[in-house]
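Beneath this line is the structure, given in structure tokens, with notes to follow.
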Amino acid sequence: GNMFRQGSQLTDADRRAVSGFLAGRPVGTAAPLPTQGRCTVAAPPLRARALQSGWNGWGAGVANRGYVRAAAGGVTAPMMPRMKLKWAFGFAGVSTARSQPAVLGNRVFVGSESGDIFALDAKTGCTYWSYHAQAGLRTALSVGPYKPASGPAGFAVFFADGTASAYAVDAATGKEIWARKVDTHPYAKATGSVTVHDGRVYVPIAGVGEEGQGGGGTYECCTFRGSVTALNASTGAVIWKSYTIDEPKPRGKNPRGIAAWGPAGGGIWAAPTIDAKRKAVYVATGNGYTEPVQLTTDAVLAFDMNTGK
């Protein structure tokens, strides 16, 4: 938010102490869910065919076309003037809603800026379950299959949060399957949605706020670099991680004697796109923060799906 410059000077422990004092509860603990609106019957199990209908992920599929046929979506243009509100669901304790829902098999999966993930009944809006992540979400959710170490295969809800952590939560119960920190840079965040394909979760990472710190002259600007990480959908294990630019190195000092670093930037702000035919993962990168200039900033990149090259 607008106070990120002041907050950036605090240690992680300081931020948690201030946040806990203001919120009245320790950081990482969810506020109690309201008892109203809970579903009174168990959700029917998701079927594989449900993943082929409705809306899944940022672009309604790994190709990110942002389109579904009327037969699958159930909505046509002539229907729009006749639509009326059927139900509404409020996100408690937040002022904005930026997470795009996944709508599959009469289920709505959606996140909030408080870090809560909800599974709702698409017909009534009642809540089946909720899960609390480490930070808020501003991305779409994706649903895909996973195979536990023991027991039958199931479906998981995959997403990433503002701490650059990715998650898999069981779609039927809301139980955490795994959580994985994919980038440790203090300004790293997931602003783009994950993409799930063929047993892998592709996580894009951008840097929020570091570029602005360089203008003050007291910050060692800049060291963040964008990346995409391929995780095992069943375990969260890292298969490969690739950066969009070269590793930053010292490049002198500014007039105040503060060390300057570069290159930096090249964050991936949007969901990766999968080209299954060419075994490629496409991403678009943002601007560079510092010199030297990189050919891979403000660019479209293709990574090898198998190796990350």
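In the structure tokens, chains take the letters A, B, ... in the order shown, each chain's residues start at 1, and ligands count up from 1 in the order shown.
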Do a neighbour search on Asn106 of chain A at 10 Å with only C-alpha atoms, toss out local chain neighbours closer than 2 positions, and write the hits as a VMD selection string.
chain A and resid 43 to 44 46 50 54 103 to 104 108 120 to 124
Would you save the residues of that selection, restricted to N, CA, C and O atoms, as an mmCIF file, in the first residue's frame?
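After the write, part.cif holds the following:
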```cif
data_model
loop_
_atom_site.group_PDB
_atom_site.id
_atom_site.type_symbol
_atom_site.label_atom_id
_atom_site.label_comp_id
_atom_site.auth_asym_id
_atom_site.auth_seq_id
_atom_site.Cartn_x
_atom_site.Cartn_y
_atom_site.Cartn_z
ATOM 1 N N ALA A 43 -20.255 -31.491 0.143
ATOM 2 C CA ALA A 43 -20.157 -31.217 -1.288
ATOM 3 C C ALA A 43 -20.010 -32.519 -2.058
ATOM 4 O O ALA A 43 -19.295 -33.430 -1.617
ATOM 5 N N PRO A 44 -20.660 -32.643 -3.207
ATOM 6 C CA PRO A 44 -20.444 -33.825 -4.039
ATOM 7 C C PRO A 44 -19.007 -33.839 -4.552
ATOM 8 O O PRO A 44 -18.411 -32.768 -4.748
ATOM 9 N N LEU A 46 -15.689 -33.797 -6.766
ATOM 10 C CA LEU A 46 -15.361 -33.275 -8.089
ATOM 11 C C LEU A 46 -15.011 -34.431 -9.014
ATOM 12 O O LEU A 46 -14.341 -35.385 -8.615
ATOM 13 N N ALA A 50 -15.362 -32.161 -14.746
ATOM 14 C CA ALA A 50 -15.651 -30.798 -14.285
ATOM 15 C C ALA A 50 -14.535 -29.836 -14.676
ATOM 16 O O ALA A 50 -14.779 -28.641 -14.860
ATOM 17 N N GLY A 54 -16.834 -24.865 -17.238
ATOM 18 C CA GLY A 54 -16.736 -23.738 -16.326
ATOM 19 C C GLY A 54 -15.517 -22.886 -16.616
ATOM 20 O O GLY A 54 -15.115 -22.705 -17.768
ATOM 21 N N VAL A 103 -14.523 -21.648 -11.266
ATOM 22 C CA VAL A 103 -15.901 -22.143 -11.175
ATOM 23 C C VAL A 103 -15.959 -23.485 -11.883
ATOM 24 O O VAL A 103 -15.877 -23.560 -13.105
ATOM 25 N N LEU A 104 -16.097 -24.558 -11.088
ATOM 26 C CA LEU A 104 -16.031 -25.917 -11.627
ATOM 27 C C LEU A 104 -16.949 -26.839 -10.849
ATOM 28 O O LEU A 104 -16.973 -26.792 -9.617
ATOM 29 N N VAL A 108 -17.384 -22.954 -6.439
ATOM 30 C CA VAL A 108 -16.674 -21.692 -6.667
ATOM 31 C C VAL A 108 -15.523 -21.633 -5.667
ATOM 32 O O VAL A 108 -15.741 -21.676 -4.456
ATOM 33 N N LEU A 120 -17.161 -22.453 -2.216
ATOM 34 C CA LEU A 120 -18.572 -22.105 -2.116
ATOM 35 C C LEU A 120 -19.407 -22.976 -3.025
ATOM 36 O O LEU A 120 -18.923 -23.491 -4.045
ATOM 37 N N ASP A 121 -20.660 -23.138 -2.661
ATOM 38 C CA ASP A 121 -21.619 -23.795 -3.538
ATOM 39 C C ASP A 121 -22.065 -22.782 -4.590
ATOM 40 O O ASP A 121 -22.505 -21.683 -4.269
ATOM 41 N N ALA A 122 -21.930 -23.149 -5.875
ATOM 42 C CA ALA A 122 -22.227 -22.200 -6.944
ATOM 43 C C ALA A 122 -23.707 -21.829 -7.008
ATOM 44 O O ALA A 122 -24.052 -20.742 -7.475
ATOM 45 N N LYS A 123 -24.584 -22.704 -6.534
ATOM 46 C CA LYS A 123 -26.020 -22.425 -6.634
ATOM 47 C C LYS A 123 -26.527 -21.563 -5.481
ATOM 48 O O LYS A 123 -27.425 -20.742 -5.662
ATOM 49 N N THR A 124 -25.958 -21.738 -4.293
ATOM 50 C CA THR A 124 -26.494 -21.048 -3.120
ATOM 51 C C THR A 124 -25.512 -20.066 -2.485
ATOM 52 O O THR A 124 -25.930 -19.180 -1.738
#
```
If we count only C-alpha atoms and set the cut-off at 7 Å, which residues sit around segment 280-283 of chain A, ignoring sequence neighbours fewer than 3 positions away in its own chain? Please answer as an NGL selection string.
:A and (268 or 272-276 or 300-305)
Take the selection from the previous step and output its residues with C-alpha atoms, as a compact mmCIF listing (two decimals), in the first residue's frame.
```
# COMPACT_ATOMS: atom_id res chain seq x y z
CA ILE A 268 6.66 -11.78 -14.34
CA PRO A 272 2.43 -18.27 -17.68
CA THR A 273 0.98 -19.73 -20.88
CA ILE A 274 1.57 -23.35 -21.85
CA ASP A 275 2.32 -24.49 -25.40
CA ALA A 276 1.94 -28.24 -25.06
CA VAL A 300 8.17 -12.24 -24.07
CA LEU A 301 10.25 -15.28 -23.13
CA ALA A 302 9.87 -18.97 -23.86
CA PHE A 303 11.23 -21.56 -21.42
CA ASP A 304 11.71 -25.24 -22.10
CA MET A 305 8.92 -27.03 -20.23
```
May I ask which of the residues A:Ala88, A:Ala299, A:Ala63, A:Ala171 is the closest one to Phe118 of chain A, counting only C-alpha atoms?
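Among the listed residues, A:Ala171 lies closest to Phe118 of chain A.
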With only C-alpha atoms counted and 10 Å as the cut-off, give the residues of segment 55-150 of chain A in contact with segment 176-182 of chain A, each with its shortest interatomic distance in Å and the pair that gives it, as a tab-separated table.
```
residue	atom	partner	partner_atom	distance
A:Tyr131	CA	A:Glu176	CA	7.9
A:His132	CA	A:Glu176	CA	9.5
A:Ala133	CA	A:Ala179	CA	9.1
A:Gln134	CA	A:Ala179	CA	9.7
A:Tyr146	CA	A:Ile177	CA	9.4
A:Pro148	CA	A:Ile177	CA	8.4
```
Please produce a file of the residues just selected, as a PDB file, in the first residue's frame, where the atoms kept are N, CA and C atoms.
```pdb
ATOM      1  N   TYR A 131      -9.611 -21.908   3.996  1.00  0.00           N
ATOM      2  CA  TYR A 131      -8.198 -22.156   4.311  1.00  0.00           C
ATOM      3  C   TYR A 131      -7.511 -20.800   4.432  1.00  0.00           C
ATOM      4  N   HIS A 132      -6.599 -20.671   5.394  1.00  0.00           N
ATOM      5  CA  HIS A 132      -5.917 -19.403   5.615  1.00  0.00           C
ATOM      6  C   HIS A 132      -4.464 -19.501   5.181  1.00  0.00           C
ATOM      7  N   ALA A 133      -4.072 -18.710   4.171  1.00  0.00           N
ATOM      8  CA  ALA A 133      -2.695 -18.666   3.687  1.00  0.00           C
ATOM      9  C   ALA A 133      -1.892 -17.646   4.493  1.00  0.00           C
ATOM     10  N   GLN A 134      -0.591 -17.547   4.212  1.00  0.00           N
ATOM     11  CA  GLN A 134       0.292 -16.668   4.968  1.00  0.00           C
ATOM     12  C   GLN A 134       0.091 -15.201   4.619  1.00  0.00           C
ATOM     13  N   TYR A 146      -3.980 -34.247  -8.237  1.00  0.00           N
ATOM     14  CA  TYR A 146      -2.747 -34.534  -7.509  1.00  0.00           C
ATOM     15  C   TYR A 146      -2.838 -35.950  -6.987  1.00  0.00           C
ATOM     16  N   PRO A 148      -1.535 -38.198  -3.759  1.00  0.00           N
ATOM     17  CA  PRO A 148      -0.847 -38.245  -2.463  1.00  0.00           C
ATOM     18  C   PRO A 148       0.082 -39.450  -2.367  1.00  0.00           C
TER      19      PRO A 148
END
```
Atom CA of Arg107 of chain A to atom CA of Gly144 of chain A, distance in Å rounded to a single decimal:
13.6 Å
Find the residues near Gly216 of chain A: any atom within 12 Å, counting only C-alpha atoms, skip ones fewer than 3 places away on the same chain, and give them as a PyMOL selection string.
chain A and resi 5-6+210-213+219-221+254-256+258
For Ala140 of chain A, work out the shell of residues within 12 Å, counting only C-alpha atoms and skipping chain neighbours fewer than 6 positions away, then give it as a ChimeraX atom specification.
/A:55-61,64,97-103,108-112,117,157-161,190-196,203,270-271
Just-selected residues, N, CA, C and O atoms written as a short mmCIF file (atom, residue, chain, number, x, y, z; two decimals), in the first residue's frame:
```cif
data_model
loop_
_atom_site.label_atom_id
_atom_site.label_comp_id
_atom_site.auth_asym_id
_atom_site.auth_seq_id
_atom_site.Cartn_x
_atom_site.Cartn_y
_atom_site.Cartn_z
N TRP A 55 -14.90 -22.36 -15.56
CA TRP A 55 -13.74 -21.46 -15.70
C TRP A 55 -12.68 -21.88 -14.71
O TRP A 55 -12.91 -21.92 -13.52
N ASN A 56 -11.50 -22.20 -15.22
CA ASN A 56 -10.41 -22.71 -14.38
C ASN A 56 -9.14 -21.93 -14.66
O ASN A 56 -8.69 -21.87 -15.81
N GLY A 57 -8.58 -21.32 -13.62
CA GLY A 57 -7.36 -20.56 -13.81
C GLY A 57 -7.61 -19.18 -14.39
O GLY A 57 -8.75 -18.77 -14.61
N TRP A 58 -6.51 -18.45 -14.62
CA TRP A 58 -6.62 -17.08 -15.09
C TRP A 58 -7.30 -16.99 -16.46
O TRP A 58 -8.20 -16.18 -16.67
N GLY A 59 -6.89 -17.82 -17.40
CA GLY A 59 -7.38 -17.67 -18.76
C GLY A 59 -8.29 -18.78 -19.23
O GLY A 59 -8.40 -19.04 -20.43
N ALA A 60 -8.98 -19.45 -18.28
CA ALA A 60 -9.88 -20.57 -18.63
C ALA A 60 -9.14 -21.65 -19.39
O ALA A 60 -9.60 -22.14 -20.43
N GLY A 61 -8.00 -22.05 -18.88
CA GLY A 61 -7.19 -23.08 -19.51
C GLY A 61 -5.75 -22.64 -19.61
O GLY A 61 -5.43 -21.45 -19.49
N ASN A 64 -4.56 -19.76 -21.90
CA ASN A 64 -4.95 -18.40 -21.54
C ASN A 64 -5.70 -17.66 -22.64
O ASN A 64 -5.47 -16.48 -22.90
N ALA A 97 -11.32 -6.67 -3.56
CA ALA A 97 -11.38 -8.08 -3.95
C ALA A 97 -10.73 -8.21 -5.31
O ALA A 97 -11.23 -7.66 -6.30
N ARG A 98 -9.61 -8.93 -5.38
CA ARG A 98 -8.87 -9.02 -6.64
C ARG A 98 -8.65 -10.45 -7.12
O ARG A 98 -8.16 -10.65 -8.22
N SER A 99 -9.00 -11.43 -6.33
CA SER A 99 -8.79 -12.82 -6.72
C SER A 99 -9.90 -13.28 -7.66
O SER A 99 -11.08 -13.12 -7.37
N GLN A 100 -9.50 -13.81 -8.80
CA GLN A 100 -10.48 -14.32 -9.77
C GLN A 100 -10.89 -15.74 -9.39
O GLN A 100 -10.04 -16.60 -9.17
N PRO A 101 -12.20 -16.02 -9.30
CA PRO A 101 -12.64 -17.36 -8.89
C PRO A 101 -12.40 -18.41 -9.98
O PRO A 101 -12.34 -18.10 -11.17
N ALA A 102 -12.30 -19.65 -9.53
CA ALA A 102 -12.40 -20.81 -10.41
C ALA A 102 -13.79 -21.41 -10.18
O ALA A 102 -14.19 -21.62 -9.03
N VAL A 103 -14.52 -21.65 -11.27
CA VAL A 103 -15.90 -22.14 -11.18
C VAL A 103 -15.96 -23.49 -11.88
O VAL A 103 -15.88 -23.56 -13.11
N VAL A 108 -17.38 -22.95 -6.44
CA VAL A 108 -16.67 -21.69 -6.67
C VAL A 108 -15.52 -21.63 -5.67
O VAL A 108 -15.74 -21.68 -4.46
N PHE A 109 -14.29 -21.55 -6.18
CA PHE A 109 -13.10 -21.41 -5.33
C PHE A 109 -12.56 -19.99 -5.53
O PHE A 109 -12.28 -19.57 -6.65
N VAL A 110 -12.41 -19.27 -4.41
CA VAL A 110 -11.97 -17.87 -4.53
C VAL A 110 -11.15 -17.48 -3.31
O VAL A 110 -11.35 -18.02 -2.21
N GLY A 111 -10.22 -16.55 -3.50
CA GLY A 111 -9.37 -16.08 -2.41
C GLY A 111 -9.65 -14.63 -2.07
O GLY A 111 -10.41 -13.94 -2.76
N SER A 112 -9.01 -14.14 -1.00
CA SER A 112 -9.23 -12.77 -0.57
C SER A 112 -7.90 -12.14 -0.16
O SER A 112 -6.89 -12.83 0.02
N ILE A 117 -8.99 -18.57 1.65
CA ILE A 117 -9.49 -19.23 0.47
C ILE A 117 -10.81 -19.88 0.83
O ILE A 117 -10.93 -20.53 1.88
N VAL A 157 -6.68 -27.29 -5.13
CA VAL A 157 -6.75 -25.89 -5.53
C VAL A 157 -5.34 -25.31 -5.38
O VAL A 157 -4.75 -25.37 -4.30
N PHE A 158 -4.80 -24.78 -6.47
CA PHE A 158 -3.43 -24.26 -6.49
C PHE A 158 -3.45 -22.74 -6.59
O PHE A 158 -4.24 -22.17 -7.35
N PHE A 159 -2.55 -22.08 -5.85
CA PHE A 159 -2.49 -20.63 -5.89
C PHE A 159 -1.17 -20.17 -5.27
O PHE A 159 -0.41 -20.97 -4.71
N ALA A 160 -0.89 -18.87 -5.36
CA ALA A 160 0.29 -18.27 -4.75
C ALA A 160 -0.10 -16.96 -4.10
O ALA A 160 -1.09 -16.32 -4.51
N ASP A 161 0.68 -16.53 -3.08
CA ASP A 161 0.27 -15.37 -2.29
C ASP A 161 1.31 -14.26 -2.31
O ASP A 161 2.30 -14.31 -3.05
N ALA A 190 3.81 -12.89 -5.61
CA ALA A 190 3.09 -13.51 -6.72
C ALA A 190 1.94 -12.59 -7.10
O ALA A 190 0.94 -12.52 -6.39
N THR A 191 2.12 -11.86 -8.18
CA THR A 191 1.04 -11.03 -8.71
C THR A 191 0.35 -11.71 -9.87
O THR A 191 -0.80 -11.40 -10.19
N GLY A 192 1.04 -12.63 -10.52
CA GLY A 192 0.46 -13.42 -11.60
C GLY A 192 -0.02 -14.75 -11.06
O GLY A 192 0.51 -15.29 -10.09
N SER A 193 -1.05 -15.28 -11.70
CA SER A 193 -1.64 -16.55 -11.26
C SER A 193 -0.76 -17.72 -11.67
O SER A 193 -0.03 -17.66 -12.66
N VAL A 194 -0.83 -18.80 -10.89
CA VAL A 194 -0.12 -20.02 -11.27
C VAL A 194 -0.84 -20.68 -12.43
O VAL A 194 -2.03 -20.46 -12.66
N THR A 195 -0.10 -21.49 -13.17
CA THR A 195 -0.67 -22.28 -14.26
C THR A 195 -0.37 -23.74 -13.98
O THR A 195 0.78 -24.10 -13.69
N VAL A 196 -1.39 -24.58 -14.06
CA VAL A 196 -1.27 -26.00 -13.73
C VAL A 196 -1.40 -26.82 -15.00
O VAL A 196 -2.38 -26.68 -15.76
N VAL A 203 4.86 -21.20 -11.34
CA VAL A 203 4.63 -20.06 -10.45
C VAL A 203 5.43 -18.85 -10.94
O VAL A 203 6.67 -18.88 -10.91
N ALA A 270 2.12 -11.75 -14.77
CA ALA A 270 0.90 -12.42 -15.20
C ALA A 270 1.13 -13.92 -15.31
O ALA A 270 2.26 -14.41 -15.20
N ALA A 271 0.04 -14.65 -15.52
CA ALA A 271 0.10 -16.11 -15.55
C ALA A 271 0.90 -16.62 -16.74
O ALA A 271 0.76 -16.11 -17.85
#
```
Can you pull out every residue from segment 159-227 of chain A that DSSP, working from the backbone, puts in alpha helix (DSSP H), and format the result as an NGL selection string?
:A and (210-213)
Deliver the residues from the most recent selection as a file, using all heavy atoms, as a short mmCIF file (atom, residue, chain, number, x, y, z; two decimals), in the first residue's frame.
```cif
data_model
loop_
_atom_site.label_atom_id
_atom_site.label_comp_id
_atom_site.auth_asym_id
_atom_site.auth_seq_id
_atom_site.Cartn_x
_atom_site.Cartn_y
_atom_site.Cartn_z
N GLU A 210 10.62 -2.53 -4.75
CA GLU A 210 12.06 -2.27 -4.65
C GLU A 210 12.51 -1.13 -5.55
O GLU A 210 13.34 -0.30 -5.16
CB GLU A 210 12.85 -3.54 -4.98
CG GLU A 210 14.35 -3.31 -4.71
CD GLU A 210 15.23 -4.47 -5.14
OE1 GLU A 210 14.94 -5.10 -6.18
OE2 GLU A 210 16.20 -4.74 -4.44
N GLU A 211 11.97 -1.04 -6.74
CA GLU A 211 12.39 0.00 -7.67
C GLU A 211 12.19 1.39 -7.07
O GLU A 211 13.02 2.29 -7.22
CB GLU A 211 11.60 -0.12 -8.97
CG GLU A 211 12.02 0.85 -10.04
CD GLU A 211 11.20 0.71 -11.29
OE1 GLU A 211 10.09 0.14 -11.22
OE2 GLU A 211 11.65 1.18 -12.35
N GLY A 212 11.09 1.58 -6.36
CA GLY A 212 10.82 2.87 -5.74
C GLY A 212 11.80 3.22 -4.64
O GLY A 212 12.04 4.40 -4.37
N GLN A 213 12.36 2.21 -3.99
CA GLN A 213 13.31 2.46 -2.91
C GLN A 213 14.58 3.12 -3.42
O GLN A 213 15.26 3.85 -2.70
CB GLN A 213 13.67 1.15 -2.20
CG GLN A 213 12.52 0.52 -1.45
CD GLN A 213 12.14 1.32 -0.22
OE1 GLN A 213 12.73 2.33 0.10
NE2 GLN A 213 11.11 0.86 0.47
#
```
Could you jot down the atom CA of Arg47 of chain A to atom CA of Gly105 of chain A separation for me, Å, one decimal place?
7.4 Å
I'd like the interatomic distance between atom CA of Leu295 of chain A and atom CA of Pro186 of chain A, to a tenth of an Å.
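Computing the Euclidean distance for atom CA of Leu295 of chain A and atom CA of Pro186 of chain A yields 24.7 Å.
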Pull the strand (DSSP E or B) assignments for segment 122-218 of chain A out of DSSP run on the backbone, and list those residues as a PyMOL selection string.
chain A and resi 127-132+142-146+154-160+165-170+176-181+188-189+195-197+200-207
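Of the residues listed (A:Ile239, A:Val228, A:Ala71, A:Cys222), A:Cys222 shows the shortest atom-to-atom separation from Trp261 of chain A; distances use only C-alpha atoms.
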I want to know what sits within 7 Å of Gly73 of chain A, based on only C-alpha atoms, with residues of the same chain fewer than 4 positions away left out; could you give that as a list in words?
Ser53, Gly54, Val68 and Arg69 of chain A
If you count only C-alpha atoms, which residues fall within 12 Å of Asp246 of chain A, apart from same-chain ones fewer than 3 positions away, as a PyMOL selection string?
chain A and resi 223-227+242-243+249+261-266+288+291-297
Just write the chosen residues, N, CA and C atoms, as a CSV table (one decimal), in the first residue's frame.
```csv
chain,number,residue,atom,x,y,z
A,223,THR,N,18.3,-5.6,-6.4
A,223,THR,CA,18.7,-7.0,-6.5
A,223,THR,C,17.6,-7.9,-6.9
A,224,PHE,N,16.4,-7.5,-7.0
A,224,PHE,CA,15.3,-8.4,-7.3
A,224,PHE,C,15.4,-8.8,-8.8
A,225,ARG,N,15.1,-10.1,-9.1
A,225,ARG,CA,14.9,-10.5,-10.6
A,225,ARG,C,13.8,-11.4,-10.7
A,226,GLY,N,13.1,-11.3,-11.7
A,226,GLY,CA,11.9,-12.1,-12.0
A,226,GLY,C,12.2,-13.6,-12.2
A,227,SER,N,11.3,-14.4,-12.0
A,227,SER,CA,11.5,-15.9,-12.1
A,227,SER,C,10.2,-16.6,-12.4
A,242,SER,N,13.8,-20.8,-13.1
A,242,SER,CA,14.6,-20.0,-14.1
A,242,SER,C,14.4,-18.5,-13.9
A,243,TYR,N,15.4,-17.7,-13.9
A,243,TYR,CA,15.3,-16.3,-13.8
A,243,TYR,C,15.2,-15.6,-15.1
A,249,LYS,N,25.1,-7.9,-9.7
A,249,LYS,CA,26.4,-7.7,-9.1
A,249,LYS,C,26.7,-6.3,-8.7
A,261,TRP,N,23.5,-2.0,-7.2
A,261,TRP,CA,23.6,-3.3,-7.8
A,261,TRP,C,22.8,-3.4,-9.1
A,262,GLY,N,23.1,-4.4,-9.9
A,262,GLY,CA,22.4,-4.6,-11.2
A,262,GLY,C,22.9,-5.8,-11.9
A,263,PRO,N,22.2,-6.3,-12.9
A,263,PRO,CA,20.9,-5.9,-13.3
A,263,PRO,C,19.8,-6.3,-12.3
A,264,ALA,N,18.6,-5.7,-12.4
A,264,ALA,CA,17.5,-6.1,-11.6
A,264,ALA,C,16.2,-5.8,-12.3
A,265,GLY,N,15.1,-6.4,-11.8
A,265,GLY,CA,13.8,-6.2,-12.4
A,265,GLY,C,13.4,-7.5,-13.3
A,266,GLY,N,12.6,-7.2,-14.3
A,266,GLY,CA,12.2,-8.3,-15.2
A,266,GLY,C,11.2,-9.2,-14.5
A,288,GLY,N,13.2,-3.2,-16.5
A,288,GLY,CA,14.4,-3.4,-15.7
A,288,GLY,C,14.5,-2.2,-14.7
A,291,GLU,N,20.7,-0.5,-14.4
A,291,GLU,CA,21.7,-1.0,-15.4
A,291,GLU,C,22.4,-2.2,-14.9
A,292,PRO,N,23.0,-3.0,-15.8
A,292,PRO,CA,23.0,-2.9,-17.2
A,292,PRO,C,21.7,-3.3,-17.9
A,293,VAL,N,21.5,-2.8,-19.0
A,293,VAL,CA,20.2,-3.1,-19.8
A,293,VAL,C,20.2,-4.6,-20.1
A,294,GLN,N,19.0,-5.2,-20.0
A,294,GLN,CA,18.8,-6.6,-20.3
A,294,GLN,C,17.8,-6.8,-21.4
A,295,LEU,N,18.2,-7.7,-22.4
A,295,LEU,CA,17.3,-7.9,-23.5
A,295,LEU,C,16.0,-8.6,-23.1
A,296,THR,N,16.0,-9.2,-21.9
A,296,THR,CA,14.9,-10.0,-21.5
A,296,THR,C,13.9,-9.3,-20.6
A,297,THR,N,14.1,-7.9,-20.4
A,297,THR,CA,13.1,-7.2,-19.7
A,297,THR,C,12.1,-6.5,-20.8
```
